[in-house]
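Okay, coords_36.cif now, which holds mmCIF, C-alpha atoms:
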data_upload
#
loop_
_atom_site.group_PDB
_atom_site.id
_atom_site.type_symbol
_atom_site.label_atom_id
_atom_site.label_comp_id
_atom_site.auth_asym_id
_atom_site.auth_seq_id
_atom_site.Cartn_x
_atom_site.Cartn_y
_atom_site.Cartn_z
ATOM 1 C CA MET L 245 11.775 160.491 154.394
ATOM 2 C CA SER L 246 9.586 158.478 152.036
ATOM 3 C CA SER L 247 8.075 160.323 149.061
ATOM 4 C CA TYR L 248 4.830 158.340 149.436
ATOM 5 C CA ILE L 249 2.424 157.656 152.278
ATOM 6 C CA GLN L 250 -0.032 154.799 152.744
ATOM 7 C CA VAL L 251 -3.717 155.762 152.906
ATOM 8 C CA CYS L 252 -6.863 153.624 153.079
ATOM 9 C CA GLU L 253 -10.554 154.478 153.179
ATOM 10 C CA ASN L 254 -11.315 152.388 156.260
ATOM 11 C CA GLU L 255 -9.129 150.854 158.952
ATOM 12 C CA ASN L 256 -7.708 147.375 158.173
ATOM 13 C CA GLU L 257 -8.243 147.774 154.417
ATOM 14 C CA GLU L 258 -5.441 147.480 151.870
ATOM 15 C CA PRO L 259 -3.772 150.918 151.678
ATOM 16 C CA MET L 260 -2.966 152.945 148.580
ATOM 17 C CA GLU L 261 0.271 154.879 148.225
ATOM 18 C CA LEU L 262 -0.129 158.600 147.560
ATOM 19 C CA PRO L 263 2.740 160.896 146.536
ATOM 20 C CA LEU L 264 4.010 163.681 148.803
ATOM 21 C CA GLU L 265 5.127 167.090 147.625
ATOM 22 C CA ALA L 266 8.781 168.142 147.593
ATOM 23 C CA ASP L 267 8.349 169.901 150.952
ATOM 24 C CA GLY L 268 6.951 166.727 152.552
ATOM 25 C CA GLY L 269 3.314 167.823 152.550
ATOM 26 C CA LEU L 270 0.284 165.968 151.173
ATOM 27 C CA LEU L 271 -2.103 167.919 148.935
ATOM 28 C CA LEU L 272 -5.794 167.649 149.736
ATOM 29 C CA THR L 273 -6.435 167.398 145.972
ATOM 30 C CA THR L 274 -4.154 164.337 145.806
ATOM 31 C CA LEU L 275 -6.194 162.681 148.556
ATOM 32 C CA VAL L 276 -9.588 163.562 147.024
ATOM 33 C CA ALA L 277 -8.528 162.342 143.571
ATOM 34 C CA GLN L 278 -8.365 158.799 144.940
ATOM 35 C CA PHE L 279 -10.891 159.092 147.794
ATOM 36 C CA PRO L 280 -13.710 161.420 146.652
ATOM 37 C CA SER L 281 -15.366 163.462 149.438
ATOM 38 C CA ALA L 282 -12.496 162.821 151.876
ATOM 39 C CA SER L 283 -11.832 165.898 154.013
ATOM 40 C CA GLY L 284 -8.903 164.755 156.157
ATOM 41 C CA VAL L 285 -6.701 161.895 157.367
ATOM 42 C CA LYS L 286 -6.090 160.343 160.788
ATOM 43 C CA TYR L 287 -3.787 157.685 162.226
ATOM 44 C CA ARG L 288 -3.026 155.710 165.370
ATOM 45 C CA SER L 289 0.131 156.860 167.097
ATOM 46 C CA ALA L 290 2.512 154.255 168.506
ATOM 47 C CA SER L 291 2.538 156.202 171.781
ATOM 48 C CA ASN L 292 -1.260 155.990 172.133
ATOM 49 C CA PRO L 293 -2.763 153.381 169.788
ATOM 50 C CA SER L 294 -6.150 153.479 171.525
ATOM 51 C CA ALA L 295 -7.014 156.855 169.958
ATOM 52 C CA PHE L 296 -6.757 158.441 166.528
ATOM 53 C CA ARG L 297 -4.683 161.504 165.830
ATOM 54 C CA GLY L 298 -5.656 164.011 163.167
ATOM 55 C CA VAL L 299 -3.296 165.622 160.669
ATOM 56 C CA ARG L 300 -3.174 169.395 160.377
ATOM 57 C CA LEU L 301 -4.640 170.819 157.152
ATOM 58 C CA LEU L 302 -3.676 174.366 156.151
ATOM 59 C CA ASP L 303 -4.284 176.036 152.770
ATOM 60 C CA GLY L 304 -5.085 172.726 151.112
ATOM 61 C CA VAL L 305 -1.947 170.934 152.370
ATOM 62 C CA PHE L 306 -1.629 168.282 155.098
ATOM 63 C CA HIS L 307 1.499 169.049 157.075
ATOM 64 C CA LEU L 308 4.003 166.490 158.345
ATOM 65 C CA PRO L 309 2.653 165.092 161.644
ATOM 66 C CA GLU L 310 4.812 164.777 164.743
ATOM 67 C CA ASP L 311 5.200 161.024 164.180
ATOM 68 C CA GLY L 312 6.104 161.435 160.494
ATOM 69 C CA TRP L 313 4.423 159.738 157.542
ATOM 70 C CA ASN L 314 5.455 156.179 158.459
ATOM 71 C CA ASN L 315 2.009 155.172 159.760
ATOM 72 C CA VAL L 316 -0.979 153.961 157.755
ATOM 73 C CA PHE L 317 -3.412 156.867 157.453
ATOM 74 C CA ILE L 318 -7.186 156.539 157.302
ATOM 75 C CA CYS L 319 -9.496 158.888 155.413
ATOM 76 C CA VAL L 320 -11.813 161.194 157.306
ATOM 77 C CA PHE L 321 -15.178 162.017 155.724
ATOM 78 C CA PRO L 322 -17.913 164.505 156.713
ATOM 79 C CA LYS L 323 -19.990 163.132 159.598
ATOM 80 C CA ASP L 324 -23.110 162.504 157.509
ATOM 81 C CA TYR L 325 -21.230 161.045 154.540
ATOM 82 C CA LYS L 326 -21.354 157.290 155.282
ATOM 83 C CA HIS L 327 -24.633 157.395 157.210
ATOM 84 C CA LYS L 328 -26.451 158.321 154.020
ATOM 85 C CA THR L 329 -25.027 155.465 151.958
ATOM 86 C CA VAL L 330 -25.641 151.791 151.507
ATOM 87 C CA GLY L 331 -22.582 149.748 150.598
ATOM 88 C CA ALA L 332 -20.074 152.437 151.503
ATOM 89 C CA ASP L 333 -17.170 150.327 150.241
ATOM 90 C CA ASN L 334 -18.436 150.741 146.670
ATOM 91 C CA LEU L 335 -19.480 154.380 146.945
ATOM 92 C CA CYS L 336 -16.326 155.975 145.565
ATOM 93 C CA LYS L 337 -16.197 153.670 142.573
ATOM 94 C CA THR L 338 -19.894 154.224 141.831
ATOM 95 C CA LYS L 339 -19.466 157.990 141.938
ATOM 96 C CA ARG L 340 -16.508 157.819 139.576
ATOM 97 C CA MET L 341 -18.411 155.626 137.109
ATOM 98 C CA ASP L 342 -21.488 157.885 137.232
ATOM 99 C CA ARG L 343 -19.289 160.836 136.368
ATOM 100 C CA TYR L 344 -18.052 159.333 133.107
ATOM 101 C CA GLN L 345 -20.858 157.033 132.021
ATOM 102 C CA ARG L 346 -23.705 158.853 130.329
ATOM 103 C CA CYS L 347 -26.303 157.625 127.856
ATOM 104 C CA SER L 348 -25.998 159.029 124.345
ATOM 105 C CA ASP L 349 -27.965 158.804 121.128
ATOM 106 C CA LEU L 350 -27.228 155.532 119.309
ATOM 107 C CA ILE L 351 -27.493 155.029 115.565
ATOM 108 C CA VAL L 352 -29.220 151.885 114.283
ATOM 109 C CA LEU L 353 -27.853 150.871 110.856
ATOM 110 C CA GLY L 354 -29.412 148.494 108.332
ATOM 111 C CA LEU L 355 -33.068 148.977 109.268
ATOM 112 C CA PRO L 356 -35.608 147.364 106.914
ATOM 113 C CA TRP L 357 -37.528 149.965 104.886
ATOM 114 C CA LYS L 358 -40.803 148.816 106.444
ATOM 115 C CA THR L 359 -39.751 149.239 110.095
ATOM 116 C CA THR L 360 -41.745 151.943 111.859
ATOM 117 C CA GLU L 361 -40.712 154.042 114.838
ATOM 118 C CA LEU L 362 -43.162 152.107 117.017
ATOM 119 C CA GLN L 363 -41.610 148.779 115.958
ATOM 120 C CA LEU L 364 -38.123 150.186 116.533
ATOM 121 C CA ARG L 365 -39.079 151.288 120.040
ATOM 122 C CA GLU L 366 -40.803 148.010 120.896
ATOM 123 C CA TYR L 367 -37.768 145.976 119.835
ATOM 124 C CA PHE L 368 -35.295 147.890 121.994
ATOM 125 C CA GLU L 369 -37.642 148.159 124.973
ATOM 126 C CA SER L 370 -36.891 144.479 125.527
ATOM 127 C CA PHE L 371 -33.451 145.661 126.749
ATOM 128 C CA GLY L 372 -34.634 148.535 128.920
ATOM 129 C CA GLU L 373 -36.464 151.857 129.017
ATOM 130 C CA VAL L 374 -36.200 153.731 125.709
ATOM 131 C CA LEU L 375 -36.408 157.522 125.918
ATOM 132 C CA MET L 376 -36.334 158.148 122.174
ATOM 133 C CA ALA L 377 -36.766 156.104 118.984
ATOM 134 C CA GLN L 378 -36.629 157.751 115.570
ATOM 135 C CA VAL L 379 -36.534 156.397 112.006
ATOM 136 C CA LYS L 380 -34.872 158.831 109.589
ATOM 137 C CA LYS L 381 -37.017 159.481 106.520
ATOM 138 C CA ASP L 382 -36.588 161.179 103.175
ATOM 139 C CA LEU L 383 -38.198 164.612 103.334
ATOM 140 C CA LYS L 384 -39.646 164.349 99.832
ATOM 141 C CA THR L 385 -40.899 160.747 99.726
ATOM 142 C CA GLY L 386 -41.438 160.073 103.400
ATOM 143 C CA GLN L 387 -39.689 156.725 102.981
ATOM 144 C CA SER L 388 -37.239 155.347 105.522
ATOM 145 C CA LYS L 389 -33.554 155.950 104.842
ATOM 146 C CA GLY L 390 -32.676 152.576 106.385
ATOM 147 C CA PHE L 391 -31.338 153.890 109.686
ATOM 148 C CA GLY L 392 -32.578 155.486 112.887
ATOM 149 C CA PHE L 393 -31.662 156.653 116.365
ATOM 150 C CA ILE L 394 -32.482 155.441 119.864
ATOM 151 C CA ARG L 395 -31.622 156.586 123.369
ATOM 152 C CA PHE L 396 -31.819 154.561 126.590
ATOM 153 C CA ALA L 397 -32.499 155.796 130.096
ATOM 154 C CA ASN L 398 -29.938 153.418 131.625
ATOM 155 C CA TYR L 399 -26.238 153.257 130.719
ATOM 156 C CA GLU L 400 -25.970 149.503 131.343
ATOM 157 C CA HIS L 401 -28.806 148.837 128.911
ATOM 158 C CA GLN L 402 -27.013 150.981 126.328
ATOM 159 C CA GLN L 403 -23.794 149.005 126.735
ATOM 160 C CA GLN L 404 -25.682 145.710 126.471
ATOM 161 C CA VAL L 405 -27.183 146.784 123.148
ATOM 162 C CA LEU L 406 -23.833 148.016 121.797
ATOM 163 C CA ALA L 407 -22.164 144.686 122.581
ATOM 164 C CA GLN L 408 -24.247 142.638 120.125
ATOM 165 C CA ARG L 409 -25.845 142.616 116.671
ATOM 166 C CA HIS L 410 -29.615 142.716 116.300
ATOM 167 C CA ASN L 411 -32.256 141.135 114.078
ATOM 168 C CA ILE L 412 -35.096 143.554 113.391
ATOM 169 C CA ASP L 413 -37.937 142.480 111.119
ATOM 170 C CA GLY L 414 -35.768 139.678 109.709
ATOM 171 C CA ARG L 415 -32.742 141.844 108.951
ATOM 172 C CA THR L 416 -29.400 142.078 110.799
ATOM 173 C CA CYS L 417 -28.787 145.570 112.178
ATOM 174 C CA ASP L 418 -25.839 147.196 113.917
ATOM 175 C CA VAL L 419 -26.066 149.698 116.770
ATOM 176 C CA LYS L 420 -23.218 152.130 117.270
ATOM 177 C CA ILE L 421 -22.355 155.437 118.892
ATOM 178 C CA PRO L 422 -22.393 158.013 116.066
ATOM 179 C CA ASN L 423 -19.111 159.622 115.053
ATOM 180 C CA SER L 424 -19.926 162.854 116.855
ATOM 181 C CA LYS L 425 -17.556 165.687 116.086
ATOM 182 C CA ASP L 426 -15.418 167.404 118.683
ATOM 183 C CA GLY L 427 -14.132 170.955 118.472
ATOM 184 C CA SER L 428 -11.365 170.063 116.016
ATOM 185 C CA GLY L 429 -13.737 168.409 113.561
ATOM 186 C CA GLN L 430 -12.337 164.926 114.207
ATOM 187 C CA PRO L 431 -14.480 161.931 115.218
ATOM 188 C CA LEU L 432 -14.490 161.196 118.928
ATOM 189 C CA SER L 433 -11.903 158.530 119.708
ATOM 190 C CA SER L 434 -12.362 155.660 122.139
ATOM 191 C CA LYS L 435 -8.595 155.522 122.689
ATOM 192 C CA VAL L 436 -6.593 157.617 125.171
ATOM 193 C CA PHE L 437 -2.869 158.206 125.631
ATOM 194 C CA VAL L 438 -1.545 157.463 129.126
ATOM 195 C CA GLY L 439 1.771 159.217 129.753
ATOM 196 C CA ARG L 440 4.360 159.106 132.560
ATOM 197 C CA CYS L 441 3.995 155.329 132.990
ATOM 198 C CA THR L 442 6.688 153.311 134.748
ATOM 199 C CA GLU L 443 7.876 149.815 133.891
ATOM 200 C CA GLN L 444 6.215 148.551 137.069
ATOM 201 C CA ILE L 445 2.753 149.382 135.667
ATOM 202 C CA THR L 446 1.479 146.427 133.627
ATOM 203 C CA ALA L 447 -1.332 146.148 131.095
ATOM 204 C CA VAL L 448 -3.381 144.339 133.739
ATOM 205 C CA ASP L 449 -2.837 147.230 136.160
ATOM 206 C CA LEU L 450 -4.058 149.728 133.569
ATOM 207 C CA ARG L 451 -7.091 147.648 132.668
ATOM 208 C CA ASP L 452 -8.059 147.092 136.299
ATOM 209 C CA TYR L 453 -7.720 150.786 137.111
ATOM 210 C CA PHE L 454 -9.498 152.314 134.113
ATOM 211 C CA ASP L 455 -12.252 149.704 134.107
ATOM 212 C CA GLN L 456 -13.823 151.602 137.015
ATOM 213 C CA PHE L 457 -14.743 154.422 134.620
ATOM 214 C CA GLY L 458 -16.132 152.300 131.779
ATOM 215 C CA GLU L 459 -15.573 149.025 129.933
ATOM 216 C CA VAL L 460 -11.992 148.752 128.622
ATOM 217 C CA THR L 461 -11.644 146.859 125.338
ATOM 218 C CA ASP L 462 -7.869 147.061 124.827
ATOM 219 C CA VAL L 463 -4.618 148.082 126.533
ATOM 220 C CA PHE L 464 -1.372 148.511 124.590
ATOM 221 C CA ILE L 465 2.098 149.135 126.065
ATOM 222 C CA PRO L 466 4.793 149.605 123.374
ATOM 223 C CA LYS L 467 7.900 147.438 123.408
ATOM 224 C CA PRO L 468 10.632 148.401 124.041
ATOM 225 C CA PHE L 469 9.234 150.389 126.955
ATOM 226 C CA ARG L 470 8.684 154.076 126.140
ATOM 227 C CA ALA L 471 6.945 155.387 129.303
ATOM 228 C CA PHE L 472 3.458 155.528 127.817
ATOM 229 C CA ALA L 473 0.514 153.307 126.932
ATOM 230 C CA PHE L 474 -2.799 153.382 125.076
ATOM 231 C CA VAL L 475 -6.146 152.426 126.638
ATOM 232 C CA THR L 476 -9.266 151.894 124.517
ATOM 233 C CA PHE L 477 -12.802 152.120 125.902
ATOM 234 C CA MET L 478 -16.041 150.813 124.446
ATOM 235 C CA ASP L 479 -17.639 154.234 124.953
ATOM 236 C CA PRO L 480 -15.729 157.155 123.333
ATOM 237 C CA HIS L 481 -17.491 159.608 125.643
ATOM 238 C CA VAL L 482 -15.824 157.938 128.639
ATOM 239 C CA ALA L 483 -12.446 158.201 126.900
ATOM 240 C CA GLN L 484 -12.873 161.890 126.114
ATOM 241 C CA ALA L 485 -14.089 162.704 129.629
ATOM 242 C CA LEU L 486 -10.836 161.321 131.074
ATOM 243 C CA CYS L 487 -8.586 163.451 128.858
ATOM 244 C CA GLY L 488 -6.600 166.108 130.675
ATOM 245 C CA GLU L 489 -6.720 164.334 134.038
ATOM 246 C CA ASP L 490 -3.972 162.964 136.284
ATOM 247 C CA HIS L 491 -4.472 159.574 137.927
ATOM 248 C CA ILE L 492 -2.368 157.692 140.472
ATOM 249 C CA ILE L 493 -1.692 154.032 139.694
ATOM 250 C CA HIS L 494 0.526 152.075 142.112
ATOM 251 C CA GLY L 495 1.885 155.325 143.502
ATOM 252 C CA THR L 496 2.738 156.763 140.082
ATOM 253 C CA SER L 497 0.986 159.865 138.742
ATOM 254 C CA VAL L 498 0.044 159.263 135.099
ATOM 255 C CA HIS L 499 -1.521 161.761 132.709
ATOM 256 C CA VAL L 500 -4.370 160.948 130.325
ATOM 257 C CA SER L 501 -4.696 162.820 127.057
ATOM 258 C CA SER L 502 -6.256 162.324 123.654
ATOM 259 C CA ALA L 503 -4.764 159.779 121.264
ATOM 260 C CA THR L 504 -4.368 161.217 117.762
ATOM 261 C CA PRO L 505 -4.300 159.036 114.609
ATOM 262 C CA LYS L 506 -0.921 158.867 112.844
ATOM 263 C CA HIS L 507 -2.220 160.553 109.719
ATOM 264 C CA ASP L 508 -2.993 163.749 111.649
ATOM 265 C CA SER L 509 -0.231 166.018 110.341
ATOM 266 C CA ARG L 510 -0.758 168.561 113.088
ATOM 267 C CA THR L 511 0.900 166.398 115.721
ATOM 268 C CA GLY L 512 4.590 166.124 116.463
ATOM 269 C CA GLY L 513 7.216 165.928 119.158
ATOM 270 C CA PRO L 514 8.837 163.021 120.986
ATOM 271 C CA PHE L 515 7.002 159.704 120.934
ATOM 272 C CA GLY L 516 4.537 161.212 118.472
ATOM 273 C CA ARG L 517 3.084 163.524 121.101
ATOM 274 C CA SER L 518 1.372 166.723 120.089
ATOM 275 C CA SER L 519 1.924 170.063 121.726
ATOM 276 C CA GLY L 520 -1.192 169.352 123.766
ATOM 277 C CA GLY L 521 0.309 166.225 125.326
ATOM 278 C CA GLY L 522 -1.537 163.640 123.241
ATOM 279 C CA GLY L 523 -0.071 160.552 121.610
ATOM 280 C CA ARG L 524 -0.252 159.227 118.048
ATOM 281 C CA TYR L 525 -1.155 155.640 117.189
#

Please, can you express the file's structure as structure tokens?
Amino acid sequence: MSSYIQVCENENEEPMELPLEADGGLLLTTLVAQFPSASGVKYRSASNPSAFRGVRLLDGVFHLPEDGWNNVFICVFPKDYKHKTVGADNLCKTKRMDRYQRCSDLIVLGLPWKTTELQLREYFESFGEVLMAQVKKDLKTGQSKGFGFIRFANYEHQQQVLAQRHNIDGRTCDVKIPNSKDGSGQPLSSKVFVGRCTEQITAVDLRDYFDQFGEVTDVFIPKPFRAFAFVTFMDPHVAQALCGEDHIIHGTSVHVSSATPKHDSRTGGPFGRSSGGGGRY
């Protein structure tokens, strides 16, 4: 019996291979990880192709149907799921992107001393709605410190601003995501460690898959092959949100964890992995 089954969201679409458990069952969590909101699977039996057959679900596991797993299975969603959507084909991807893409405070470096908060806001409102604009000032003198913070209402507008340099009041300024601190006191990293890779997974495969969560700026697979890779995102918050999750790429379950800089002496283990499953770079 095959250790994978073919599943698609709608009939006649290109199927995705999902892994089966050792006992031949399919976990509901495995299905939902790739097809959010799916509640079951169905298929057309060779003995009666004019009707769909459902697959029994018990305690979170789909059990081997009478015809086996050799058919192409189609996701079943709650009755009101697709009726409430427009562009159902893109719904799953949109939900995944919304989960990881959130606006954050951005730091504006190199501001002219004369730039006011109103001027700062007016400049960036040309890109989209600005929720907050603040020029940092010296508490004693009241003079600008030469930098400030902004926050957009829309993630796409934020990414557009981050992707370019800016000229404000005749001076070139840079906009970046601040080096916010995580629980360990280290700056948030835009890079993640992807473990359990196979040689069949290419850099293009990784980029195409992870690009659904946020813009990918770099993919690195070590040579000779060592069963892991590094993926770098433009937004470090997207990278950190993915850490600790399993994802299925071309039928292979890969694990995403934090990528730790080489100089971090607390890491160790094979391939530079820490006890928490991260990778060094």

Please enumerate the residues selected by the PyMOL selection byres ((chain L and resi 373-384) around 9) when evaluated against the supplied file, formatted as a PDB file with C-alpha atoms, in the frame of the given file.
ATOM      1  CA  ASP L 349     -27.965 158.804 121.128  1.00  0.00           C
ATOM      2  CA  VAL L 352     -29.220 151.885 114.283  1.00  0.00           C
ATOM      3  CA  LEU L 355     -33.068 148.977 109.268  1.00  0.00           C
ATOM      4  CA  THR L 359     -39.751 149.239 110.095  1.00  0.00           C
ATOM      5  CA  THR L 360     -41.745 151.943 111.859  1.00  0.00           C
ATOM      6  CA  GLU L 361     -40.712 154.042 114.838  1.00  0.00           C
ATOM      7  CA  LEU L 362     -43.162 152.107 117.017  1.00  0.00           C
ATOM      8  CA  LEU L 364     -38.123 150.186 116.533  1.00  0.00           C
ATOM      9  CA  ARG L 365     -39.079 151.288 120.040  1.00  0.00           C
ATOM     10  CA  GLU L 366     -40.803 148.010 120.896  1.00  0.00           C
ATOM     11  CA  PHE L 368     -35.295 147.890 121.994  1.00  0.00           C
ATOM     12  CA  GLU L 369     -37.642 148.159 124.973  1.00  0.00           C
ATOM     13  CA  SER L 370     -36.891 144.479 125.527  1.00  0.00           C
ATOM     14  CA  PHE L 371     -33.451 145.661 126.749  1.00  0.00           C
ATOM     15  CA  GLY L 372     -34.634 148.535 128.920  1.00  0.00           C
ATOM     16  CA  THR L 385     -40.899 160.747  99.726  1.00  0.00           C
ATOM     17  CA  GLY L 386     -41.438 160.073 103.400  1.00  0.00           C
ATOM     18  CA  GLN L 387     -39.689 156.725 102.981  1.00  0.00           C
ATOM     19  CA  SER L 388     -37.239 155.347 105.522  1.00  0.00           C
ATOM     20  CA  LYS L 389     -33.554 155.950 104.842  1.00  0.00           C
ATOM     21  CA  GLY L 390     -32.676 152.576 106.385  1.00  0.00           C
ATOM     22  CA  PHE L 391     -31.338 153.890 109.686  1.00  0.00           C
ATOM     23  CA  GLY L 392     -32.578 155.486 112.887  1.00  0.00           C
ATOM     24  CA  PHE L 393     -31.662 156.653 116.365  1.00  0.00           C
ATOM     25  CA  ILE L 394     -32.482 155.441 119.864  1.00  0.00           C
ATOM     26  CA  ARG L 395     -31.622 156.586 123.369  1.00  0.00           C
ATOM     27  CA  PHE L 396     -31.819 154.561 126.590  1.00  0.00           C
ATOM     28  CA  ALA L 397     -32.499 155.796 130.096  1.00  0.00           C
ATOM     29  CA  ASN L 398     -29.938 153.418 131.625  1.00  0.00           C
ATOM     30  CA  HIS L 401     -28.806 148.837 128.911  1.00  0.00           C
TER      31      HIS L 401
END

- Message: Quick check on the file I pasted: which residues fall under the PyMOL selection byres ((chain L and resi 303-305) around 6)? Write them as a count of residues only.
- Response: 6

- Counting all atoms listed in the file, the option among L:Pro293, L:Gly439, L:Pro280, L:Gly354 closest to L:His410: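 Smallest separation from L:His410 among the options: L:Gly354.
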
- Selection result of the PyMOL selection byres ((chain L and resi 252) around 9) on this file, as a PyMOL selection string: chain L and resi 250-251+253-261+279+316-319

- Query: Counting all atoms listed in the file, what is within 9 Å of L:Ser283, bar same-chain residues fewer than 5 positions away, as a list in words?
  - Reply: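 These residues fall inside the cut-off: Leu272, Leu275, Val276, Cys319, Val320, Phe321 and Pro322 of chain L.
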
Keeping only C-alpha atoms, write those residues as a compact mmCIF listing (two decimals), keeping the file's coordinate frame.
# COMPACT_ATOMS: atom_id res chain seq x y z
CA LEU L 272 -5.79 167.65 149.74
CA LEU L 275 -6.19 162.68 148.56
CA VAL L 276 -9.59 163.56 147.02
CA CYS L 319 -9.50 158.89 155.41
CA VAL L 320 -11.81 161.19 157.31
CA PHE L 321 -15.18 162.02 155.72
CA PRO L 322 -17.91 164.50 156.71

- A straight line from atom CA of L:Arg440 to atom CA of L:Ala503 spans 14.5 Å

- Which residues, written as an NGL selection string, have at least one atom at most 10 Å from L:Glu489, with all atoms listed in the file counted and residues fewer than 5 positions away on the same chain left out? :L and (277 or 438 or 498-501)

- Residues at most 12 Å from L:Asp462, counting all atoms listed in the file, excluding those fewer than 6 positions away in the same chain, as a VMD selection string? chain L and resid 434 to 436 447 to 448 450 to 452 454 to 455 473 to 478

- Item | Between atom CA of L:Glu265 and atom CA of L:Leu308, distance in Å (one decimal) | 10.8 Å
